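> See input.csv below, with CSV, C-alpha atoms and all ligand atoms.
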```csv
chain,number,residue,atom,x,y,z
A,1,MET,CA,-4.2,35.4,-7.2
A,2,ASP,CA,-4.0,31.6,-7.6
A,3,PRO,CA,-1.2,30.5,-5.3
A,4,GLY,CA,-0.2,27.9,-7.9
A,5,GLU,CA,0.4,30.6,-10.6
A,6,LEU,CA,2.5,32.6,-8.1
A,7,PHE,CA,4.6,29.6,-7.2
A,8,GLN,CA,5.0,28.6,-10.8
A,9,SER,CA,6.4,32.0,-11.6
A,10,TYR,CA,9.1,31.4,-8.9
A,11,GLY,CA,9.9,27.9,-10.0
A,12,ILE,CA,8.3,26.4,-6.9
A,13,ARG,CA,6.9,22.9,-7.4
A,14,ASN,CA,6.5,21.7,-3.8
A,15,TRP,CA,3.5,23.3,-2.2
A,16,ALA,CA,0.3,22.4,-0.4
A,17,ALA,CA,-2.7,24.2,1.0
A,18,VAL,CA,-4.6,22.5,3.8
A,19,PRO,CA,-7.3,23.4,6.4
A,20,VAL,CA,-5.5,24.5,9.6
A,21,ASN,CA,-7.1,21.7,11.5
A,22,ARG,CA,-5.0,19.2,9.6
A,23,ILE,CA,-1.9,20.5,11.3
A,24,ARG,CA,-1.1,18.6,14.5
A,25,ALA,CA,1.0,21.2,16.3
A,26,PRO,CA,1.1,21.4,20.1
A,27,ALA,CA,-0.8,24.2,21.9
A,28,GLY,CA,0.9,27.5,21.6
A,29,ARG,CA,2.6,26.5,18.3
A,30,HIS,CA,-0.5,25.8,16.2
A,31,PRO,CA,-1.5,28.0,13.2
A,32,CYS,CA,-4.6,29.0,15.2
A,33,ASP,CA,-2.4,30.4,18.0
A,34,VAL,CA,-0.6,32.5,15.4
A,35,MET,CA,-3.7,33.7,13.6
A,36,SER,CA,-7.1,32.9,15.2
A,37,SER,CA,-9.0,33.7,12.0
A,38,ALA,CA,-6.9,31.3,9.8
A,39,ARG,CA,-8.8,28.7,7.8
A,40,SER,CA,-5.9,27.5,5.7
A,41,LEU,CA,-2.2,27.1,5.7
A,42,VAL,CA,-0.4,27.5,2.4
A,43,ILE,CA,3.1,26.0,2.7
A,44,PHE,CA,5.8,25.8,0.1
A,45,GLY,CA,9.4,25.1,-0.4
A,46,ARG,CA,12.2,25.5,-2.9
A,47,PRO,CA,15.4,23.3,-2.9
A,48,ILE,CA,18.5,25.1,-1.7
A,49,PRO,CA,21.2,24.3,-4.3
A,50,LYS,CA,23.4,21.5,-2.9
A,51,GLU,CA,26.5,23.5,-4.0
A,52,SER,CA,25.7,26.0,-1.3
A,53,PHE,CA,26.5,23.5,1.4
A,54,GLY,CA,30.0,22.9,0.1
A,55,LYS,CA,31.0,26.6,0.3
A,56,PRO,CA,33.0,28.2,3.1
A,57,SER,CA,30.9,29.1,6.2
A,58,LEU,CA,30.4,32.8,5.4
A,59,GLN,CA,29.4,32.3,1.8
A,60,LYS,CA,27.2,29.3,2.7
A,61,THR,CA,25.5,31.3,5.4
A,62,ASP,CA,24.9,34.3,3.0
A,63,GLU,CA,23.3,32.0,0.5
A,64,LEU,CA,21.1,30.2,3.0
A,65,TYR,CA,19.9,33.6,4.4
A,66,ASP,CA,19.4,34.9,0.8
A,67,GLU,CA,17.2,31.9,0.0
A,68,ALA,CA,15.3,32.3,3.3
A,69,LYS,CA,14.7,36.0,2.5
A,70,ALA,CA,13.5,35.2,-1.0
A,71,ILE,CA,11.1,32.6,0.4
A,72,ASP,CA,9.8,35.1,3.0
A,73,SER,CA,9.3,37.7,0.3
A,74,ILE,CA,7.3,35.2,-1.8
A,75,ALA,CA,5.1,34.5,1.3
A,76,THR,CA,4.7,38.2,1.8
A,77,GLU,CA,3.6,38.7,-1.8
A,78,LEU,CA,1.1,35.8,-1.6
A,79,ALA,CA,-0.3,37.1,1.7
A,80,ALA,CA,-0.7,40.6,0.3
A,81,SER,CA,-2.6,39.3,-2.7
A,82,LEU,CA,-4.9,37.3,-0.5
A,83,ARG,CA,-5.6,40.4,1.6
A,84,GLU,CA,-6.4,42.3,-1.6
A,85,GLU,CA,-9.1,39.6,-2.1
A,86,GLY,CA,-10.5,40.5,1.3
A,87,TYR,CA,-9.1,37.7,3.4
A,88,PRO,CA,-7.0,38.2,6.5
A,89,SER,CA,-3.6,36.7,5.6
A,90,ALA,CA,-0.1,36.8,7.0
A,91,PRO,CA,3.2,35.3,6.1
A,92,VAL,CA,4.9,33.0,8.6
A,93,PRO,CA,8.6,33.9,9.0
A,94,ALA,CA,10.9,30.9,8.4
A,95,PHE,CA,13.0,31.3,11.6
A,96,PHE,CA,12.5,34.5,13.5
A,97,PRO,CA,11.3,35.7,15.9
A,98,MET,CA,12.1,32.6,18.0
A,99,ARG,CA,10.6,31.8,21.4
A,100,ILE,CA,11.9,29.7,24.3
A,101,ARG,CA,9.7,26.7,25.1
A,102,ASN,CA,10.6,23.9,27.5
A,103,GLY,CA,14.2,25.0,27.6
A,104,THR,CA,14.6,25.1,23.8
A,105,PRO,CA,14.5,27.9,21.2
A,106,LYS,CA,11.7,27.3,18.7
A,107,GLY,CA,10.2,29.2,15.8
A,108,ARG,CA,6.6,30.5,16.1
A,109,LEU,CA,5.5,27.5,14.0
A,110,SER,CA,7.5,24.4,13.0
A,111,LEU,CA,7.3,24.8,9.2
A,112,LYS,CA,8.9,21.4,8.6
A,113,HIS,CA,6.3,19.6,10.8
A,114,CYS,CA,3.5,21.7,9.1
A,115,ALA,CA,4.9,20.6,5.7
A,116,ALA,CA,4.9,17.0,6.7
A,117,ASP,CA,1.3,17.3,8.0
A,118,ALA,CA,0.3,19.0,4.7
A,119,GLY,CA,1.7,16.1,2.7
A,120,LEU,CA,4.9,17.6,1.4
A,121,GLY,CA,7.1,14.9,2.9
A,122,SER,CA,8.1,13.2,6.1
A,123,ILE,CA,10.4,14.0,9.0
A,124,GLY,CA,13.8,12.2,9.2
A,125,PHE,CA,15.8,11.1,12.2
A,126,ASN,CA,17.7,14.4,12.1
A,127,THR,CA,14.3,16.2,12.3
A,128,LEU,CA,14.7,17.6,8.7
A,129,LEU,CA,11.9,17.3,6.1
A,130,ILE,CA,12.5,14.7,3.4
A,131,ALA,CA,10.4,15.8,0.4
A,132,PRO,CA,9.8,13.8,-2.7
A,133,GLY,CA,12.1,14.9,-5.5
A,134,ALA,CA,13.7,17.6,-3.4
A,135,GLY,CA,15.3,15.5,-0.7
A,136,ASN,CA,16.2,17.3,2.5
A,137,ARG,CA,17.2,20.7,1.2
A,138,LEU,CA,13.8,22.5,0.9
A,139,ALA,CA,13.8,26.1,2.2
A,140,LEU,CA,10.2,26.5,3.6
A,141,GLY,CA,7.8,29.3,3.7
A,142,ALA,CA,4.1,29.6,4.7
A,143,VAL,CA,1.1,31.8,4.7
A,144,LEU,CA,-1.9,31.7,7.0
A,145,THR,CA,-5.1,32.9,5.5
A,146,GLY,CA,-8.8,33.2,6.2
A,147,LYS,CA,-9.5,32.0,2.7
A,148,GLU,CA,-10.4,28.3,2.3
A,149,ILE,CA,-7.8,26.9,-0.1
A,150,GLU,CA,-7.0,23.3,-0.7
A,151,HIS,CA,-4.2,21.9,-2.8
A,152,ASN,CA,-3.1,18.4,-2.0
A,153,PRO,CA,0.2,17.4,-3.7
A,154,GLU,CA,0.8,14.0,-5.1
A,155,PRO,CA,1.2,11.5,-2.2
A,156,PRO,CA,4.9,11.3,-1.1
A,157,GLY,CA,6.9,8.7,-2.9
A,158,ALA,CA,8.7,5.9,-1.2
A,159,GLY,CA,11.5,8.2,0.1
A,160,LYS,CA,11.4,8.1,3.9
A,161,CYS,CA,14.1,8.1,6.5
A,162,THR,CA,15.8,4.7,6.6
A,163,TRP,CA,17.2,5.1,10.1
A,164,CYS,CA,20.7,4.7,8.6
A,165,MET,CA,22.1,7.0,11.4
A,166,ARG,CA,24.5,8.7,9.0
A,167,CYS,CA,23.3,12.1,10.2
A,168,ALA,CA,23.9,11.2,13.9
A,169,ASP,CA,27.3,9.7,13.1
A,170,ALA,CA,28.3,12.8,11.1
A,171,CYS,CA,27.4,15.3,13.9
A,172,PRO,CA,30.6,16.7,15.4
A,173,SER,CA,28.6,17.7,18.5
A,174,HIS,CA,26.8,14.4,19.1
A,175,ALA,CA,23.6,16.4,19.1
A,176,ILE,CA,21.4,13.9,17.3
A,177,ASP,CA,19.9,10.9,19.0
A,178,GLU,CA,16.5,9.1,19.3
A,179,ARG,CA,15.1,12.2,21.1
A,180,GLY,CA,15.8,14.3,18.1
A,181,VAL,CA,18.3,17.2,17.8
A,182,ASN,CA,19.6,18.8,21.0
A,183,VAL,CA,19.4,22.3,19.7
A,184,LEU,CA,21.6,23.7,22.4
A,185,ALA,CA,24.4,21.3,21.5
A,186,CYS,CA,24.2,22.0,17.8
A,187,MET,CA,27.2,24.0,16.6
A,188,ASN,CA,25.1,26.5,14.7
A,189,VAL,CA,23.2,27.5,17.9
A,190,ARG,CA,26.3,27.3,20.1
A,191,GLU,CA,28.2,29.6,17.8
A,192,ALA,CA,25.5,32.2,18.1
A,193,VAL,CA,26.1,32.6,21.8
A,194,PRO,CA,29.4,34.3,22.7
A,195,ALA,CA,31.7,31.8,24.5
A,196,ILE,CA,31.8,33.9,27.7
A,197,LEU,CA,28.0,33.7,27.9
A,198,ARG,CA,27.5,30.0,27.0
A,199,GLN,CA,27.5,28.6,30.5
A,200,SER,CA,25.0,31.1,31.9
A,201,PHE,CA,22.9,30.8,28.8
A,202,THR,CA,22.6,27.1,29.2
A,203,TRP,CA,21.5,27.6,32.8
A,204,LEU,CA,19.2,30.5,32.1
A,205,ILE,CA,17.4,28.7,29.2
A,206,THR,CA,15.8,26.2,31.6
A,207,ARG,CA,14.4,29.0,33.8
A,208,GLU,CA,10.9,30.0,32.6
A,209,ALA,CA,11.2,33.5,34.1
A,210,ALA,CA,14.3,34.2,31.9
A,211,ALA,CA,12.5,33.3,28.7
A,212,PRO,CA,11.5,36.9,27.7
A,213,PHE,CA,15.1,38.1,28.2
A,214,LEU,CA,16.6,35.2,26.3
A,215,GLU,CA,14.1,35.6,23.5
A,216,PHE,CA,15.3,39.1,23.1
A,217,VAL,CA,18.9,38.1,23.1
A,218,ILE,CA,18.4,35.2,20.7
A,219,ASN,CA,16.4,37.2,18.2
A,220,ARG,CA,19.1,39.9,18.3
A,221,LEU,CA,22.1,37.6,18.1
A,222,MET,CA,20.8,34.9,15.9
A,223,GLY,CA,19.7,37.2,13.1
A,224,ARG,CA,23.4,37.6,12.3
A,225,ILE,CA,25.1,34.4,13.0
A,226,MET,CA,27.1,32.1,10.8
A,227,MET,CA,26.1,28.5,10.1
A,228,PRO,CA,29.4,26.6,10.2
A,229,CYS,CA,27.9,23.1,10.2
A,230,SER,CA,25.6,21.3,7.9
A,231,ALA,CA,27.1,17.8,8.4
A,232,CYS,CA,23.7,16.2,9.2
A,233,VAL,CA,22.2,17.6,6.0
A,234,VAL,CA,25.0,16.5,3.7
A,235,ALA,CA,25.5,13.1,5.2
A,236,CYS,CA,21.9,12.1,4.6
A,237,PRO,CA,21.4,9.9,1.5
A,238,PHE,CA,18.5,12.2,0.6
A,239,PHE,CA,20.8,15.2,0.3
A,240,GLU,CA,21.2,14.4,-3.4
A,241,GLY,CA,17.6,15.2,-4.0
A,242,ASP,CA,15.7,12.0,-4.1
A,243,GLY,CA,12.9,11.5,-1.6
B,1,LIG,S1,24.1,21.2,12.1
B,1,LIG,FE1,26.0,20.1,12.7
B,1,LIG,S2,26.2,20.3,14.9
B,1,LIG,FE2,24.0,20.8,14.3
B,1,LIG,S3,22.9,18.9,14.5
B,1,LIG,FE3,23.6,19.0,12.4
B,1,LIG,S4,25.6,17.9,12.3
B,1,LIG,FE4,25.1,18.4,14.5
B,2,LIG,S1,20.9,10.3,7.4
B,2,LIG,FE1,19.7,8.3,7.5
B,2,LIG,S2,18.8,8.4,9.6
B,2,LIG,FE2,19.5,10.5,9.2
B,2,LIG,S3,17.6,11.5,8.3
B,2,LIG,FE3,18.8,10.7,6.6
B,2,LIG,S4,18.0,8.7,6.2
B,2,LIG,FE4,17.3,9.3,8.2
```
Taking this structure as input, can you express it in the form of structure tokens?


Amino acid sequence: MDPGELFQSYGIRNWAAVPVNRIRAPAGRHPCDVMSSARSLVIFGRPIPKESFGKPSLQKTDELYDEAKAIDSIATELAASLREEGYPSAPVPAFFPMRIRNGTPKGRLSLKHCAADAGLGSIGFNTLLIAPGAGNRLALGAVLTGKEIEHNPEPPGAGKCTWCMRCADACPSHAIDERGVNVLACMNVREAVPAILRQSFTWLITREAAAPFLEFVINRLMGRIMMPCSACVVACPFFEGDG
């Protein structure tokens, strides 16, 4: 199946397919580390409705997870159709399973950085992707495949982070600075860890030997957490959808 036809059927306009060697991920988090036979990365996104971000935490979280699930399902469908053509192919989950690297929980691949490398947009100060036309609300999915596919979107428009610092100023946890986002300070991550465990969690996460245990805990706990905060998303001028 032509990925473009599949994406069109789901109303997806933001997508790209690039050779995996165009992705500048660090060792251990490169597409080739996930799938050694991968030749191309197909990456796509669909804007999360901005109304979702104004809803109470529980409803917002449900809608964000629903969109992530829908995106994962589209990636699964594309991978299955590419496998039917005879190419090894696999969807890349949006969030989970997570791994601990350098004291920080990270996804298997950073889809937003892959999207930027593939030409879908650029990374803002708050480390979110800013995509032309879709702003900073794209829910991302990806497929790794042994098939050579290339689709280069129109070059990104002028919309790039202006360093206005509204995201950093809006963060109730002061988690955003020039080093990026301190994931462990972010409310959404902190809320995932029961208060009684937080201190030991913060200590353990810096211990390499504890990584397998913590990965197990994170992947069990974070699959069910609420996302009470999206202040850095909403405060950004690109939230409205330009980019
Ligand atoms: S989600 Fe909230 S707490 Fe986390 S970095 Fe953004 S503004 Fe800060
Ligand atoms: S709020 Fe301003 S500094 Fe932060 S990502 Fe958006 S444009 Fe960049």

> Within 7 Å of stretch 65-77 of chain A, counting only C-alpha atoms, which residues qualify if same-chain residues fewer than 3 places away don't, as an MDAnalysis selection string?

chainID A and resid 61:62 80:81 91 93:94 139:143

> What does the structure give for the distance between atom CA of A:Val42 and atom CA of A:Glu215, in Å to one decimal?

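We find that atom CA of A:Val42 and atom CA of A:Glu215 lie 26.9 Å from each other.
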
> Taking all atoms listed in the file and a cut-off of 6 Å, can you tell me which residues surround ligand LIG 2 (chain B), written as a list of chain:residue names?

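So, counting all atoms listed in the file, the residues near ligand LIG 2 (chain B) are A:Gly124, A:Phe125, A:Asn126, A:Cys161, A:Thr162, A:Trp163, A:Cys164, A:Met165, A:Arg166, A:Cys167, A:Ala235, A:Cys236, A:Pro237.
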
> Within 9 Å of ligand LIG 1 (chain B), counting all atoms listed in the file, which protein or nucleic acid residues do you find, written as a PyMOL selection string?

chain A and resi 126+167-176+181-190+227-235

> Rounded to one decimal place, report the atom CA of A:Ser36-atom CA of A:Ala90 distance in Å.

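Computed distance, atom CA of A:Ser36 to atom CA of A:Ala90, equals 11.5 Å.
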
> As an exercise, work out the distance from atom CA of A:Ser40 to atom CA of A:Ala16 in Å and give it to one decimal place.

10.1 Å

> Skipping near chain neighbours, those fewer than 5 positions away, what residues fall within 7 Å of A:Arg137 using all atoms listed in the file, listed as a compact mmCIF listing (two decimals) with C-alpha atoms, in the coordinates of the input?


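around_26.txt written:
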```
# COMPACT_ATOMS: atom_id res chain seq x y z
CA PRO A 47 15.40 23.30 -2.90
CA ILE A 48 18.50 25.10 -1.70
CA PHE A 239 20.80 15.20 0.30
```

> Please determine, counting all atoms listed in the file, which residue among A:Leu82, A:Ala25, A:Leu64, A:Cys114 has the shortest atom-to-atom distance to A:Phe44.

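For A:Phe44, the nearest of the candidates is A:Cys114.
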
> Need the shell around A:Gly121: protein/DNA/RNA residues with any atom at most 12 Å away, counting all atoms listed in the file. Skip same-chain ones fewer than 6 positions apart. Format as JSON, numbers by chain?

{"A": [14, 15, 16, 43, 44, 45, 111, 112, 113, 114, 115, 127, 128, 129, 130, 131, 132, 133, 134, 135, 136, 137, 138, 152, 153, 154, 155, 156, 157, 158, 159, 160, 161, 238, 242, 243]}

> Which residue is closest to A:Arg13? Choose from A:Leu120, A:Glu240, A:Ile149, A:Gly28 and count all atoms listed in the file.

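Of A:Leu120, A:Glu240, A:Ile149, A:Gly28, the one nearest A:Arg13 is A:Leu120, counting all atoms listed in the file.
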
> With distances taken over all atoms listed in the file, which residue among A:Glu191, A:Glu148, A:Asp177, A:Asp117 lies nearest A:Arg22?

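The answer is A:Asp117, which sits nearest to A:Arg22.
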
> Measuring between only C-alpha atoms, which one of A:Met226, A:Thr206, A:Asn21, A:Pro212 shows the shortest distance to A:Val193?

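Smallest distance to A:Val193 is found for A:Met226.
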
> For A:Tyr10, which of A:Ile225, A:Leu41, A:Pro56, A:Arg46 is the closest residue, counting all atoms listed in the file?

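Counting all atoms listed in the file, the residue closest to A:Tyr10 is A:Arg46.
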
> Ranking A:Gly54, A:Lys60, A:Ser110, A:Val92 by minimum distance to A:Ala79 and counting all atoms listed in the file, which one comes first?

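Smallest distance to A:Ala79 is found for A:Val92.
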